[in-house]
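What follows is a single structure, written as structure tokens, with notes after it.
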Amino acid sequence: ARPTTRSLALEARLAVALERREFRLYYQPKLDISGGRVHGLEALLRWQDSQDGLVPPSLFVPLLERSGAIAEVGEWVLQQAVHDMQRWLAAGLGGIRVAVNVSPLQLRRRDFVDQVLRSVHASVTAPQGVDIEITESMLMQDIELSMRKLAQLREAGIGIAIDDFGTGYSSLRLLARLPVDTLKIDRSFIQGIADTANGITLVSTIVSLAHAFGMQAVAEGVETAAQLQSLRNIGCDQAQGYLFARPVPGDEIPALVARLAGQPPGSGDEPVR
């Protein structure tokens, strides 16, 4: 499809968005299912466009990928996440990991490992609290090279998570070799978990698989108390989704973490439609 005048205008503004400081980081908490403690946060990129306001990532991230600017923006995301972690630490909020999504273009760069470590080492405390999230399908593109780079990061104290697990084509043999700490179960599997026997069997199998390889299992897109109960029954480790909280700006994280600490897991926000 040919780009429309509007999409071309959007792309032109996107090209200078980093320079104009229009990008924002929002964070969504991941909770331990057994105790309800906030274990970590996923950093999510948002664009506050001068004309259209907050633009959905599904619209602008593909444009960043296409232009190649995602590598530079990805570097900013890492630096901003580390900066926010330092602010939370100064406010007395410690021990919370932050996960940052990495694009295929970033991973393919020759200096990827150096760039990540450079961004993260801006803070002495940060390496112990930063995770890199990559999608399963992305990992498969150049598997040997990807695994070498991820192993280097892991040795430096950075956690590695596979995002959207179950939607790609990784084999059991490959899974056994991956330098990975966490499997994030794709939201599409979580939607049907409380409805069908097959749904629960599928998710239960992924959780067992994660544990067999010494990994944590995280459920994405948890929206109902019934889904959470099913995940608790099968021993899933962590969950994130609208049931607990919507993504919020970094300034709101200390208050959100305090609120979640004061209530049983799953009694938060109702699903947003």
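Here, A, B, ... name the chains of the structure tokens in the order displayed, residue numbers run from 1 inside each chain, and ligands are numbered from 1 in the same displayed order.
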
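Using only C-alpha atoms, the residues found no farther than 9 Å from Pro249 (chain A), other than those of its own chain fewer than 4 positions away, are Arg24, Leu25, Tyr26, Tyr27 and Ile253 of chain A.
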
Note to self: When DSSP is applied to the backbone of this structure, which of region 40-215 of chain A are assigned strand (DSSP E or B)? Write them out as a ChimeraX atom specification.
What the structure shows: /A:40-49,53-55,97-101,130-135,159-165,182-185

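CA of Leu178 (chain A) lies 8.6 Å from CA of Leu150 (chain A).
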
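Shortest separation to Glu75 (chain A) among A:Ser119, A:Ser50, A:Ser58, A:Thr196 occurs at residue A:Ser119, atoms counted being only C-alpha atoms.
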
Between A:Val222, A:Val180, A:Leu228, A:Leu41, smallest distance to Gly95 (chain A) by only C-alpha atoms belongs to A:Leu41

Hey, what's within 8 Å of Ala161 (chain A) if we count only C-alpha atoms and toss same-chain stuff fewer than 6 positions away? As a PDB file with C-alpha atoms, in the first residue's frame, please?
ATOM      1  CA  ASP A 131      16.745  -6.964  31.574  1.00  0.00           C
ATOM      2  CA  ILE A 132      16.754  -7.100  27.778  1.00  0.00           C
ATOM      3  CA  GLU A 133      13.596  -8.429  26.087  1.00  0.00           C
ATOM      4  CA  ILE A 134      13.756  -9.871  22.587  1.00  0.00           C
ATOM      5  CA  VAL A 180      17.956 -16.778  28.784  1.00  0.00           C
ATOM      6  CA  ASP A 181      16.502 -16.167  32.277  1.00  0.00           C
ATOM      7  CA  THR A 182      12.829 -15.592  31.495  1.00  0.00           C
ATOM      8  CA  LEU A 183      10.115 -16.787  29.102  1.00  0.00           C
ATOM      9  CA  LYS A 184       7.256 -14.316  28.639  1.00  0.00           C
TER      10      LYS A 184
END

The distance between CA of Ile33 (chain A) and CA of Asp237 (chain A) is 5.8 Å

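For the choices A:Ala226, A:Val120, A:Leu175, A:Phe213, the atom-to-atom distance to Ile200 (chain A) is smallest for A:Ala226 when using only C-alpha atoms.
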